>>> print(open('my_file_15.txt').read())   # compact mmCIF, C-alpha atoms and all ligand atoms
# COMPACT_ATOMS: atom_id res chain seq x y z
CA MET A 26 0.00 0.00 0.00
CA LYS A 27 1.22 3.53 -0.82
CA VAL A 28 0.42 5.97 1.95
CA LEU A 29 0.63 9.74 2.34
CA LEU A 30 0.66 11.16 5.87
CA ILE A 31 -0.31 14.81 6.34
CA GLY A 32 1.30 16.75 9.19
CA SER A 33 4.62 17.70 10.76
CA GLY A 34 4.36 17.27 14.54
CA GLY A 35 5.31 14.71 17.16
CA ARG A 36 1.95 13.02 16.63
CA GLU A 37 2.78 12.49 12.96
CA HIS A 38 6.30 11.27 13.79
CA ALA A 39 4.75 8.59 16.02
CA LEU A 40 2.19 7.68 13.31
CA ALA A 41 4.93 7.51 10.64
CA TRP A 42 7.14 5.36 12.87
CA LYS A 43 4.27 2.93 13.44
CA ILE A 44 2.91 2.91 9.86
CA ALA A 45 6.42 2.32 8.48
CA GLN A 46 6.57 -0.94 10.52
CA SER A 47 3.56 -2.35 8.68
CA PRO A 48 4.24 -5.32 6.40
CA LEU A 49 1.58 -3.84 4.10
CA ILE A 50 3.52 -0.67 3.34
CA ASP A 51 5.10 -0.22 -0.10
CA ALA A 52 5.84 3.48 0.12
CA LEU A 53 5.27 6.12 2.80
CA TYR A 54 5.29 9.85 2.04
CA ALA A 55 4.79 12.69 4.52
CA ALA A 56 3.75 16.26 3.76
CA PRO A 57 5.39 18.37 4.98
CA GLY A 58 6.87 16.03 7.66
CA ASN A 59 9.93 16.87 9.78
CA PRO A 60 13.51 15.60 10.17
CA GLY A 61 12.40 12.80 12.52
CA ILE A 62 9.66 11.66 10.14
CA ALA A 63 12.30 11.60 7.38
CA ASP A 64 13.70 8.44 9.04
CA HIS A 65 10.51 6.58 8.06
CA ALA A 66 9.02 8.44 5.08
CA THR A 67 9.88 10.43 1.97
CA LEU A 68 9.16 14.07 2.73
CA VAL A 69 7.12 16.05 0.22
CA SER A 70 6.86 19.84 0.31
CA LEU A 71 3.16 20.16 -0.45
CA ASN A 72 1.01 23.06 0.64
CA VAL A 73 -1.75 21.07 2.34
CA GLU A 74 -4.10 24.07 2.17
CA ASP A 75 -4.04 23.57 -1.61
CA HIS A 76 -6.33 20.53 -1.83
CA ALA A 77 -5.94 20.28 -5.61
CA ALA A 78 -2.16 20.02 -5.18
CA VAL A 79 -2.55 17.19 -2.65
CA ILE A 80 -4.90 15.35 -5.02
CA ALA A 81 -2.52 15.87 -7.97
CA PHE A 82 0.40 14.46 -5.93
CA ALA A 83 -1.69 11.48 -4.81
CA LYS A 84 -2.67 10.67 -8.41
CA GLU A 85 0.89 11.07 -9.67
CA LYS A 86 2.28 8.65 -7.07
CA ALA A 87 -0.74 6.31 -7.16
CA ILE A 88 -1.32 6.83 -3.42
CA ASP A 89 -3.81 4.29 -2.01
CA PHE A 90 -4.47 5.90 1.34
CA ILE A 91 -4.06 9.30 2.98
CA VAL A 92 -3.85 9.77 6.77
CA ILE A 93 -4.54 13.29 8.04
CA GLY A 94 -2.89 14.05 11.40
CA PRO A 95 -3.86 17.60 12.50
CA GLU A 96 -7.27 19.25 12.95
CA ALA A 97 -6.81 22.33 10.73
CA PRO A 98 -6.92 20.45 7.38
CA LEU A 99 -9.92 18.43 8.62
CA VAL A 100 -11.86 21.54 9.60
CA ALA A 101 -10.90 22.97 6.18
CA GLY A 102 -12.52 19.96 4.45
CA LEU A 103 -9.42 18.21 3.10
CA ALA A 104 -10.88 14.75 3.81
CA ASP A 105 -14.05 15.61 1.85
CA ASP A 106 -12.08 16.73 -1.19
CA LEU A 107 -9.78 13.69 -1.11
CA ARG A 108 -12.71 11.28 -0.82
CA ALA A 109 -14.54 13.11 -3.63
CA ALA A 110 -11.42 12.48 -5.75
CA GLY A 111 -11.72 8.76 -4.96
CA ILE A 112 -8.86 8.51 -2.46
CA ALA A 113 -9.36 6.51 0.75
CA THR A 114 -8.74 8.95 3.62
CA PHE A 115 -8.41 8.65 7.38
CA GLY A 116 -10.09 11.66 8.98
CA PRO A 117 -13.59 13.08 9.36
CA SER A 118 -15.48 15.30 6.94
CA LYS A 119 -15.63 19.03 7.46
CA ALA A 120 -19.17 18.66 8.80
CA ALA A 121 -18.15 15.96 11.30
CA ALA A 122 -15.00 17.91 12.28
CA GLN A 123 -17.32 20.51 13.82
CA LEU A 124 -17.19 18.23 16.88
CA GLU A 125 -13.80 19.87 17.45
CA GLY A 126 -14.25 23.05 15.40
CA SER A 127 -17.26 24.32 17.33
CA LYS A 128 -17.79 23.77 21.03
CA GLY A 129 -21.39 24.95 20.66
CA PHE A 130 -22.03 22.30 17.99
CA THR A 131 -20.82 19.57 20.35
CA LYS A 132 -22.79 20.88 23.31
CA ASP A 133 -25.98 20.96 21.22
CA LEU A 134 -25.34 17.37 20.10
CA CYS A 135 -24.92 16.34 23.74
CA ALA A 136 -28.19 18.05 24.62
CA ARG A 137 -30.07 16.36 21.74
CA TYR A 138 -28.83 12.86 22.54
CA ASP A 139 -28.57 12.98 26.35
CA ILE A 140 -24.80 12.72 26.44
CA PRO A 141 -23.54 13.67 29.93
CA THR A 142 -21.73 17.04 29.91
CA GLY A 143 -21.80 20.28 31.93
CA ALA A 144 -24.92 22.47 31.65
CA TYR A 145 -24.28 25.34 29.23
CA GLN A 146 -25.53 28.25 27.14
CA ARG A 147 -24.23 29.75 23.88
CA PHE A 148 -23.82 33.53 23.45
CA LYS A 149 -23.13 35.88 20.55
CA SER A 150 -22.59 39.01 22.67
CA ALA A 151 -21.09 39.89 26.04
CA GLU A 152 -23.98 41.26 28.10
CA PRO A 153 -26.30 38.21 28.07
CA ALA A 154 -23.26 35.98 28.73
CA LYS A 155 -22.35 38.11 31.75
CA ASP A 156 -25.93 38.02 33.03
CA TYR A 157 -25.83 34.22 32.81
CA VAL A 158 -22.51 34.12 34.71
CA ARG A 159 -23.92 36.40 37.42
CA ALA A 160 -26.95 34.14 37.73
CA GLN A 161 -24.88 30.93 37.88
CA GLY A 162 -21.95 32.18 40.01
CA ALA A 163 -18.37 30.84 40.07
CA PRO A 164 -16.59 28.54 39.54
CA ILE A 165 -17.68 28.55 35.90
CA VAL A 166 -16.03 27.91 32.55
CA ILE A 167 -15.84 30.36 29.60
CA LYS A 168 -14.98 28.95 26.15
CA ALA A 169 -14.39 30.59 22.80
CA ASP A 170 -16.53 28.58 20.38
CA GLY A 171 -13.96 27.93 17.65
CA LEU A 172 -10.43 26.55 17.33
CA ALA A 173 -8.08 28.57 19.55
CA ALA A 174 -4.99 26.32 19.73
CA GLY A 175 -6.07 25.03 23.15
CA LYS A 176 -6.04 28.56 24.62
CA GLY A 177 -9.70 29.58 24.32
CA VAL A 178 -10.84 28.10 27.65
CA THR A 179 -10.90 29.93 31.00
CA VAL A 180 -11.76 27.93 34.09
CA ALA A 181 -12.84 30.91 36.20
CA MET A 182 -12.69 30.41 39.95
CA THR A 183 -14.25 33.86 40.54
CA GLU A 184 -17.08 35.77 38.88
CA ALA A 185 -14.69 38.66 38.05
CA GLU A 186 -12.37 36.29 36.19
CA ALA A 187 -15.32 34.91 34.22
CA LEU A 188 -16.57 38.39 33.26
CA ALA A 189 -13.05 39.38 32.12
CA ALA A 190 -12.77 36.20 30.04
CA ILE A 191 -16.05 37.03 28.31
CA ASP A 192 -14.72 40.50 27.45
CA ASP A 193 -11.48 38.97 26.15
CA CYS A 194 -13.35 36.65 23.80
CA PHE A 195 -15.63 39.33 22.40
CA ASP A 196 -12.73 41.84 22.22
CA GLY A 197 -11.02 39.48 19.77
CA ALA A 198 -8.37 37.76 21.93
CA PHE A 199 -9.03 34.55 19.94
CA GLY A 200 -9.98 36.17 16.64
CA ALA A 201 -12.98 34.69 14.86
CA ALA A 202 -12.94 31.69 17.25
CA GLY A 203 -14.24 33.99 20.00
CA ALA A 204 -17.13 35.53 18.07
CA GLU A 205 -19.36 33.08 19.91
CA VAL A 206 -18.89 32.02 23.53
CA VAL A 207 -20.02 28.95 25.44
CA VAL A 208 -20.51 29.34 29.19
CA GLU A 209 -20.42 25.99 30.91
CA ALA A 210 -20.83 24.56 34.40
CA PHE A 211 -17.59 23.70 36.20
CA LEU A 212 -17.09 19.93 36.43
CA ASP A 213 -15.19 18.60 39.40
CA GLY A 214 -13.21 15.38 39.15
CA GLU A 215 -10.20 13.77 37.51
CA GLU A 216 -9.56 14.27 33.80
CA ALA A 217 -8.77 11.52 31.32
CA SER A 218 -8.50 11.25 27.56
CA PHE A 219 -10.22 8.41 25.78
CA PHE A 220 -9.41 7.43 22.20
CA CYS A 221 -11.81 5.53 20.00
CA LEU A 222 -12.10 4.92 16.25
CA SER A 223 -15.34 5.03 14.29
CA ASP A 224 -16.15 4.29 10.66
CA GLY A 225 -19.53 5.97 10.99
CA LYS A 226 -21.30 2.86 12.33
CA THR A 227 -18.93 0.78 14.43
CA ALA A 228 -16.73 1.89 17.31
CA LEU A 229 -13.35 0.43 18.23
CA ALA A 230 -12.07 1.56 21.62
CA LEU A 231 -8.34 2.26 21.55
CA ALA A 232 -6.67 3.30 24.79
CA THR A 233 -6.74 5.93 27.51
CA ALA A 234 -4.23 8.61 28.43
CA GLN A 235 -3.71 11.45 30.84
CA ASP A 236 -1.90 14.63 29.90
CA HIS A 237 -0.33 17.60 31.62
CA LYS A 238 -1.61 20.85 30.15
CA ARG A 239 0.11 23.35 32.46
CA VAL A 240 3.64 24.46 31.68
CA GLY A 241 5.05 24.16 35.21
CA ASP A 242 5.80 21.38 37.68
CA GLY A 243 2.91 20.58 40.01
CA ASP A 244 0.48 21.56 37.21
CA THR A 245 1.12 25.30 37.64
CA GLY A 246 1.42 28.19 35.19
CA PRO A 247 -0.36 28.78 31.90
CA ASN A 248 -1.98 26.11 29.73
CA THR A 249 -0.04 24.65 26.81
CA GLY A 250 -0.76 22.15 24.05
CA GLY A 251 0.48 19.50 26.50
CA MET A 252 3.82 19.08 28.31
CA GLY A 253 3.64 15.31 28.66
CA ALA A 254 1.29 12.36 28.83
CA TYR A 255 1.03 8.76 29.88
CA SER A 256 -1.10 5.76 29.03
CA PRO A 257 -3.13 4.05 30.35
CA ALA A 258 -4.99 6.51 32.60
CA PRO A 259 -5.54 4.71 35.92
CA VAL A 260 -8.86 6.48 36.51
CA MET A 261 -10.25 4.81 33.37
CA THR A 262 -11.04 1.41 34.85
CA PRO A 263 -12.69 -1.18 32.57
CA ALA A 264 -16.06 -0.25 34.10
CA MET A 265 -15.47 3.45 33.35
CA VAL A 266 -14.45 2.63 29.76
CA GLU A 267 -17.64 0.63 29.34
CA ARG A 268 -19.76 3.50 30.64
CA THR A 269 -17.93 5.97 28.38
CA MET A 270 -18.63 3.79 25.34
CA LYS A 271 -22.30 3.36 26.22
CA GLU A 272 -23.14 6.82 27.57
CA ILE A 273 -20.90 9.05 25.43
CA ILE A 274 -19.31 7.44 22.36
CA GLU A 275 -22.19 5.28 21.07
CA PRO A 276 -24.82 8.06 21.27
CA THR A 277 -22.34 10.38 19.53
CA ILE A 278 -21.82 7.95 16.65
CA SER A 279 -25.52 7.27 16.20
CA GLY A 280 -26.43 10.95 16.71
CA MET A 281 -23.91 12.17 14.16
CA ALA A 282 -25.18 9.60 11.65
CA LYS A 283 -28.81 10.53 12.34
CA ASP A 284 -28.00 14.22 11.83
CA GLY A 285 -26.46 13.45 8.44
CA ASN A 286 -22.82 13.90 9.56
CA PRO A 287 -21.51 10.33 10.00
CA PHE A 288 -18.16 10.42 11.80
CA SER A 289 -15.21 8.56 10.33
CA GLY A 290 -11.88 8.89 12.12
CA VAL A 291 -10.64 9.04 15.69
CA PHE A 292 -12.57 10.47 18.61
CA PHE A 293 -10.34 11.99 21.23
CA ALA A 294 -12.77 12.53 24.09
CA GLY A 295 -11.68 14.79 26.93
CA LEU A 296 -13.52 13.43 29.95
CA MET A 297 -14.07 14.55 33.51
CA ILE A 298 -14.63 11.57 35.79
CA THR A 299 -17.02 13.12 38.30
CA ALA A 300 -18.86 11.60 41.24
CA LYS A 301 -21.67 10.80 38.76
CA GLY A 302 -19.38 9.09 36.26
CA PRO A 303 -17.81 10.15 32.95
CA GLU A 304 -18.85 13.54 31.53
CA LEU A 305 -17.72 14.96 28.22
CA ILE A 306 -15.55 18.09 28.35
CA GLU A 307 -14.76 18.19 24.67
CA TYR A 308 -14.13 16.19 21.54
CA ASN A 309 -11.14 16.41 19.29
CA VAL A 310 -11.33 14.72 15.91
CA ARG A 311 -7.70 13.63 15.59
CA PHE A 312 -5.13 11.93 17.75
CA GLY A 313 -3.87 13.99 20.70
CA ASP A 314 -0.40 15.40 20.60
CA PRO A 315 1.53 14.16 22.65
CA GLU A 316 -1.05 11.49 23.64
CA CYS A 317 -0.61 9.77 20.25
CA GLN A 318 3.06 9.17 21.02
CA VAL A 319 2.27 7.07 24.10
CA LEU A 320 -0.58 5.28 22.33
CA MET A 321 1.63 4.27 19.40
CA MET A 322 4.31 2.99 21.80
CA ARG A 323 1.72 0.73 23.44
CA LEU A 324 -0.04 -0.51 20.30
CA LYS A 325 1.02 -4.08 19.49
CA SER A 326 -1.15 -4.45 16.38
CA ASP A 327 -0.30 -3.21 12.92
CA LEU A 328 -1.72 0.34 12.78
CA LEU A 329 -2.15 0.59 9.02
CA PRO A 330 -5.01 -1.94 8.52
CA ILE A 331 -6.82 -0.43 11.52
CA LEU A 332 -6.70 3.08 10.07
CA TYR A 333 -7.63 1.75 6.61
CA ALA A 334 -10.63 -0.15 8.04
CA THR A 335 -11.75 3.05 9.76
CA ALA A 336 -11.61 4.92 6.46
CA THR A 337 -13.34 2.22 4.44
CA GLY A 338 -16.21 1.21 6.73
CA THR A 339 -14.83 -2.18 7.83
CA LEU A 340 -13.89 -1.43 11.42
CA ASP A 341 -15.92 -4.44 12.59
CA LYS A 342 -13.29 -6.66 10.93
CA VAL A 343 -10.23 -5.49 12.90
CA GLN A 344 -8.98 -5.45 16.48
CA ALA A 345 -6.37 -3.49 18.36
CA GLU A 346 -4.04 -5.19 20.84
CA TRP A 347 -2.12 -3.26 23.45
CA ARG A 348 0.97 -3.90 25.53
CA ASP A 349 0.16 -4.09 29.23
CA ASP A 350 3.10 -1.77 29.88
CA ALA A 351 2.66 1.90 30.63
CA ALA A 352 4.13 4.46 28.25
CA LEU A 353 5.05 8.02 29.17
CA THR A 354 6.24 10.99 27.12
CA VAL A 355 8.03 14.13 28.25
CA VAL A 356 7.80 17.22 26.02
CA LEU A 357 10.97 19.24 25.57
CA ALA A 358 9.96 22.80 24.73
CA SER A 359 11.74 26.04 23.81
CA LYS A 360 12.48 28.28 26.84
CA GLY A 361 9.69 30.85 27.06
CA TYR A 362 6.93 28.56 25.69
CA PRO A 363 3.90 28.97 25.80
CA GLY A 364 4.92 32.66 25.57
CA ALA A 365 7.49 34.06 23.15
CA TYR A 366 10.57 31.94 22.45
CA ASP A 367 13.63 32.01 20.18
CA LYS A 368 13.41 30.08 16.94
CA ASN A 369 16.11 28.13 15.13
CA THR A 370 18.12 27.36 18.27
CA PRO A 371 20.61 24.51 17.66
CA ILE A 372 19.96 20.98 18.92
CA ALA A 373 23.45 19.50 19.28
CA HIS A 374 22.51 15.89 19.99
CA ILE A 375 19.55 13.53 20.04
CA PRO A 376 20.27 10.15 21.65
CA GLU A 377 19.61 6.91 19.78
CA ALA A 378 16.37 5.03 20.41
CA SER A 379 16.54 1.83 22.44
CA GLU A 380 14.06 -1.04 22.79
CA GLU A 381 12.19 0.86 25.48
CA ALA A 382 12.65 4.58 24.72
CA LYS A 383 12.57 6.88 21.72
CA VAL A 384 12.68 10.60 20.90
CA PHE A 385 9.97 11.85 18.54
CA HIS A 386 10.47 15.14 16.68
CA ALA A 387 7.68 17.68 17.10
CA GLY A 388 9.08 21.07 16.09
CA THR A 389 12.43 20.62 14.37
CA ALA A 390 13.96 21.48 11.01
CA LEU A 391 17.28 21.13 9.24
CA LYS A 392 19.03 24.46 8.55
CA ASP A 393 22.25 24.16 6.54
CA GLY A 394 22.39 20.50 7.49
CA LYS A 395 22.09 21.24 11.23
CA LEU A 396 19.12 20.31 13.41
CA VAL A 397 17.32 23.31 14.93
CA ALA A 398 14.23 23.85 17.08
CA THR A 399 11.48 25.66 15.21
CA GLY A 400 8.45 25.28 17.45
CA GLY A 401 7.31 25.76 21.02
CA ARG A 402 7.06 22.03 21.68
CA VAL A 403 10.10 20.50 20.02
CA LEU A 404 10.87 16.91 21.12
CA ASN A 405 8.85 14.15 22.80
CA VAL A 406 10.96 11.71 24.78
CA THR A 407 8.81 8.59 25.08
CA ALA A 408 9.40 5.36 27.00
CA PHE A 409 7.76 2.14 28.20
CA GLY A 410 7.85 0.63 31.63
CA ARG A 411 6.09 -2.06 33.64
CA ASN A 412 4.40 0.89 35.34
CA VAL A 413 4.40 4.68 35.05
CA THR A 414 7.22 4.97 37.60
CA GLU A 415 9.54 2.88 35.42
CA ALA A 416 8.44 4.57 32.19
CA GLN A 417 9.09 7.97 33.76
CA ALA A 418 12.58 7.01 34.94
CA ARG A 419 13.48 5.78 31.45
CA ALA A 420 12.01 8.82 29.71
CA TYR A 421 13.94 11.27 31.90
CA ALA A 422 17.15 9.23 31.56
CA LEU A 423 16.88 9.61 27.78
CA ALA A 424 15.73 13.26 27.97
CA ASP A 425 18.85 14.07 29.99
CA LYS A 426 20.97 12.87 27.07
CA VAL A 427 19.41 15.39 24.67
CA GLU A 428 21.81 18.30 24.12
CA TRP A 429 19.75 21.40 23.46
CA GLU A 430 20.62 24.54 25.40
CA ASN A 431 17.39 26.39 24.75
CA GLY A 432 15.17 23.48 25.81
CA PHE A 433 13.33 22.77 29.04
CA CYS A 434 10.86 20.19 30.29
CA ARG A 435 8.68 19.50 33.30
CA ARG A 436 10.32 17.09 35.73
CA ASP A 437 7.14 15.55 37.14
CA ILE A 438 5.21 14.09 34.21
CA GLY A 439 3.06 11.23 35.51
CA TRP A 440 3.06 12.42 39.14
CA GLN A 441 -0.54 11.47 39.93
CA ALA A 442 -0.09 7.94 38.58
CA ILE A 443 3.23 7.55 40.38
CA ALA A 444 1.66 8.67 43.65
CA ARG A 445 -1.00 6.00 43.10
CA GLU A 446 1.64 3.37 42.33
CA LYS A 447 3.48 4.25 45.58
CA ALA A 448 0.30 4.14 47.69
P1 LIG B 501 -10.80 22.13 26.53
O1 LIG B 501 -9.95 22.96 25.59
O2 LIG B 501 -12.26 22.23 26.31
O3 LIG B 501 -10.25 20.73 26.69
O4 LIG B 501 -10.52 22.75 27.97
C1 LIG B 501 -9.22 22.90 28.45
C2 LIG B 501 -9.16 22.47 29.88
O5 LIG B 501 -10.04 23.28 30.66
C3 LIG B 501 -9.65 21.06 30.11
O6 LIG B 501 -8.66 20.12 29.89
C4 LIG B 501 -10.06 21.12 31.56
O7 LIG B 501 -8.92 21.03 32.39
C5 LIG B 501 -10.63 22.49 31.69
N1 LIG B 501 -12.08 22.47 31.52
C6 LIG B 501 -12.79 22.63 30.39
N2 LIG B 501 -14.10 22.54 30.61
C7 LIG B 501 -14.26 22.35 31.93
C8 LIG B 501 -15.39 22.19 32.80
N3 LIG B 501 -16.64 22.26 32.34
N4 LIG B 501 -15.15 22.01 34.11
C9 LIG B 501 -13.88 21.98 34.60
N5 LIG B 501 -12.79 22.13 33.85
C10 LIG B 501 -12.95 22.31 32.53
N1 LIG B 502 -2.61 17.33 23.94
C1 LIG B 502 -3.85 17.89 23.68
C2 LIG B 502 -4.24 17.94 22.27
O1 LIG B 502 -3.68 17.33 21.39
O2 LIG B 502 -5.21 18.64 21.99
>>> encode(input="my_file_15.txt", output="structure tokens")
Amino acid sequence: MKVLLIGSGGREHALAWKIAQSPLIDALYAAPGNPGIADHATLVSLNVEDHAAVIAFAKEKAIDFIVIGPEAPLVAGLADDLRAAGIATFGPSKAAAQLEGSKGFTKDLCARYDIPTGAYQRFKSAEPAKDYVRAQGAPIVIKADGLAAGKGVTVAMTEAEALAAIDDCFDGAFGAAGAEVVVEAFLDGEEASFFCLSDGKTALALATAQDHKRVGDGDTGPNTGGMGAYSPAPVMTPAMVERTMKEIIEPTISGMAKDGNPFSGVFFAGLMITAKGPELIEYNVRFGDPECQVLMMRLKSDLLPILYATATGTLDKVQAEWRDDAALTVVLASKGYPGAYDKNTPIAHIPEASEEAKVFHAGTALKDGKLVATGGRVLNVTAFGRNVTEAQARAYALADKVEWENGFCRRDIGWQAIAREKA
């Protein structure tokens, strides 16, 4: 099979690494890819916003299957255009990608199909939103409706904070994404991420993960795209997974189909495990980054036929097997992230992968033959262990061998799970 992978982050490096191991693969291309992905795929400099160019490349190389990694091309309708051109594609349609692209869309779906989530209202202007906040009181959560790179959510512990967040959204802090605002009840509990594939009819549960959104140790400081993650999430017991499938995922699949937007791709459900059980915080319509890196480390099965079955409506014919081990990833980021940071700082050395640990590239490039950091989140040092404690020790041992002066990482990824393992 000839495959084209769209994307350039750590998630796509992990997907490329796994797809390249498939006995079914004849050729793997990545657009635009990164220097780590180049170890497993031929890089192609395509502008993925130019759908006609992607289709032309696919026809020229007789590509059988395209896997879309990030959300932006999905929300832009790349999967629709590829499928219309007759190319099998992993990733939801533009209409189905609204599950991630519009928080209001997802909340309305939850309301229609009785999917447990926090009570909410949608607003198009500040004053009614503020009145609602004053009526509900704090803590309360303010969300820009659209895609805001993970930054459009304010968990307001005071009413004043909530009112300020409403002003920020309508004053354009998140651009067009903030033109509509969702105000949502605060959910108390432990968070977990649940990954599940759907071909529009059938669901295949993958695995669970927990991430660390805050930039600082002890989960302090501003939110980021994720500073580390581990899998499985201990809070997601088999009983909790079963409830999530029944109460959240299955009604979503049938509801989306009923509404004329069948969902094909991966659900990345952000859950709050409250005293009542699992409640939906949000959906993403692609693999999490860096959650994908730990999932791919744990997946025993060949990934390619699973993704292909998802895209072609035959998910009932495949299974996914997982290692019992835990996997953990530590994000190395540029100093200053998630604020301003220097670009093109040199990375002098990346240690070799071993059986149990590997460095994925997330934001790197080659400049004059030298590896440099180009992004905020730059490397994902990922390891297995019999438990999270062992995986963490291995990940930090490898991270300490990376030579990159402008990099930093959190030193406590996995702390909740490790505390549980010690107890
Ligand atoms: P989101 O971008 O929707 O995942 O929100 C970012 C983060 O805000 C989540 O990971 C949660 O930590 C927090 N959050 C979002 N919605 C709620 C809620 N209703 N109650 C409590 N925390 C929330
Ligand atoms: N790590 C969170 C995300 O991919 O959205």
>>> closest_residue(input="my_file_15.txt", among="A:Lys283, A:Lys168, A:Lys395, A:His386", to="ligand LIG 501 (chain B)", atoms="all atoms listed in the file")
A:Lys168
>>> closest_residue(input="my_file_15.txt", among="A:Ala294, A:Ala448, A:Val397, A:Ile278", to="ligand LIG 502 (chain B)", atoms="only C-alpha atoms and all ligand atoms")
A:Ala294
>>> residues_near_ligand(input="my_file_15.txt", ligand="ligand LIG 502 (chain B)", cutoff="10 Å", atoms="all atoms listed in the file", output="short mmCIF file (atom, residue, chain, number, x, y, z; two decimals) with C-alpha atoms, keeping the file's coordinate frame")
data_model
loop_
_atom_site.label_atom_id
_atom_site.label_comp_id
_atom_site.auth_asym_id
_atom_site.auth_seq_id
_atom_site.Cartn_x
_atom_site.Cartn_y
_atom_site.Cartn_z
CA ARG A 36 1.95 13.02 16.63
CA PRO A 95 -3.86 17.60 12.50
CA GLU A 96 -7.27 19.25 12.95
CA GLU A 125 -13.80 19.87 17.45
CA ALA A 174 -4.99 26.32 19.73
CA GLY A 175 -6.07 25.03 23.15
CA SER A 218 -8.50 11.25 27.56
CA ALA A 234 -4.23 8.61 28.43
CA GLN A 235 -3.71 11.45 30.84
CA ASP A 236 -1.90 14.63 29.90
CA HIS A 237 -0.33 17.60 31.62
CA LYS A 238 -1.61 20.85 30.15
CA THR A 249 -0.04 24.65 26.81
CA GLY A 250 -0.76 22.15 24.05
CA GLY A 251 0.48 19.50 26.50
CA MET A 252 3.82 19.08 28.31
CA GLY A 253 3.64 15.31 28.66
CA ALA A 254 1.29 12.36 28.83
CA PHE A 293 -10.34 11.99 21.23
CA ALA A 294 -12.77 12.53 24.09
CA GLY A 295 -11.68 14.79 26.93
CA GLU A 307 -14.76 18.19 24.67
CA TYR A 308 -14.13 16.19 21.54
CA ASN A 309 -11.14 16.41 19.29
CA VAL A 310 -11.33 14.72 15.91
CA ARG A 311 -7.70 13.63 15.59
CA PHE A 312 -5.13 11.93 17.75
CA GLY A 313 -3.87 13.99 20.70
CA ASP A 314 -0.40 15.40 20.60
CA PRO A 315 1.53 14.16 22.65
CA GLU A 316 -1.05 11.49 23.64
CA CYS A 317 -0.61 9.77 20.25
#
>>> residues_around(input="my_file_15.txt", residues="Leu423 (chain A)", least_positions_apart="4", cutoff="9 Å", atoms="only C-alpha atoms", output="PDB file with C-alpha atoms, in the frame of the given file")
ATOM      1  CA  PRO A 376      20.270  10.150  21.650  1.00  0.00           C
ATOM      2  CA  GLU A 377      19.610   6.910  19.780  1.00  0.00           C
ATOM      3  CA  ALA A 378      16.370   5.030  20.410  1.00  0.00           C
ATOM      4  CA  ALA A 382      12.650   4.580  24.720  1.00  0.00           C
ATOM      5  CA  LYS A 383      12.570   6.880  21.720  1.00  0.00           C
ATOM      6  CA  VAL A 384      12.680  10.600  20.900  1.00  0.00           C
ATOM      7  CA  VAL A 406      10.960  11.710  24.780  1.00  0.00           C
ATOM      8  CA  THR A 407       8.810   8.590  25.080  1.00  0.00           C
ATOM      9  CA  ALA A 408       9.400   5.360  27.000  1.00  0.00           C
ATOM     10  CA  ALA A 418      12.580   7.010  34.940  1.00  0.00           C
ATOM     11  CA  ARG A 419      13.480   5.780  31.450  1.00  0.00           C
ATOM     12  CA  VAL A 427      19.410  15.390  24.670  1.00  0.00           C
TER      13      VAL A 427
END
>>> closest_residue(input="my_file_15.txt", among="A:Thr277, A:Ser379, A:Gln344, A:Gln146", to="Ile331 (chain A)", atoms="all atoms listed in the file")
A:Gln344
>>> closest_residue(input="my_file_15.txt", among="A:Ala169, A:Ala345, A:Val158, A:Ala110", to="Phe220 (chain A)", atoms="all atoms listed in the file")
A:Ala345
>>> residues_near_ligand(input="my_file_15.txt", ligand="ligand LIG 501 (chain B)", cutoff="8 Å", atoms="all atoms listed in the file", output="ChimeraX atom specification")
/A:128,142-143,165-166,168,175-180,209-213,216,238,295,297,306-308
>>> closest_residue(input="my_file_15.txt", among="A:Arg323, A:Lys368, A:Arg137, A:Lys84", to="Gly111 (chain A)", atoms="only C-alpha atoms")
A:Lys84
>>> atom_distance(input="my_file_15.txt", atom1="CA of Ala55 (chain A)", atom2="CA of Gly32 (chain A)")
7.1 Å
>>> closest_residue(input="my_file_15.txt", among="A:Tyr145, A:Trp429, A:Phe199, A:Trp440", to="Ala416 (chain A)", atoms="all atoms listed in the file")
A:Trp440
>>> atom_distance(input="my_file_15.txt", atom1="CA of Leu328 (chain A)", atom2="CA of Gly439 (chain A)")
25.7 Å
>>> atom_distance(input="my_file_15.txt", atom1="CA of Phe288 (chain A)", atom2="CA of His76 (chain A)")
20.7 Å
>>> residues_around(input="my_file_15.txt", residues="region 298-301 of chain A", least_positions_apart="2", cutoff="6 Å", atoms="all atoms listed in the file", output="number ranges by chain")
A: 213-215, 303
>>> residues_around(input="my_file_15.txt", residues="Ala122 (chain A)", least_positions_apart="3", cutoff="7 Å", atoms="only C-alpha atoms", output="MDAnalysis selection string")
chainID A and resid 99:100 117:119 125:126 310
>>> write_last_selection(input="my_file_15.txt", atoms="C-alpha atoms", output="compact mmCIF listing (two decimals), keeping the file's coordinate frame")
# COMPACT_ATOMS: atom_id res chain seq x y z
CA LEU A 99 -9.92 18.43 8.62
CA VAL A 100 -11.86 21.54 9.60
CA PRO A 117 -13.59 13.08 9.36
CA SER A 118 -15.48 15.30 6.94
CA LYS A 119 -15.63 19.03 7.46
CA GLU A 125 -13.80 19.87 17.45
CA GLY A 126 -14.25 23.05 15.40
CA VAL A 310 -11.33 14.72 15.91
>>> residues_around(input="my_file_15.txt", residues="Val413 (chain A)", least_positions_apart="6", cutoff="7 Å", atoms="all atoms listed in the file", output="mmCIF file with C-alpha atoms, keeping the file's coordinate frame")
data_model
loop_
_atom_site.group_PDB
_atom_site.id
_atom_site.type_symbol
_atom_site.label_atom_id
_atom_site.label_comp_id
_atom_site.auth_asym_id
_atom_site.auth_seq_id
_atom_site.Cartn_x
_atom_site.Cartn_y
_atom_site.Cartn_z
ATOM 1 C CA ALA A 351 2.660 1.900 30.630
ATOM 2 C CA ALA A 352 4.130 4.460 28.250
ATOM 3 C CA LEU A 353 5.050 8.020 29.170
ATOM 4 C CA GLY A 439 3.060 11.230 35.510
ATOM 5 C CA ALA A 442 -0.090 7.940 38.580
ATOM 6 C CA ILE A 443 3.230 7.550 40.380
#
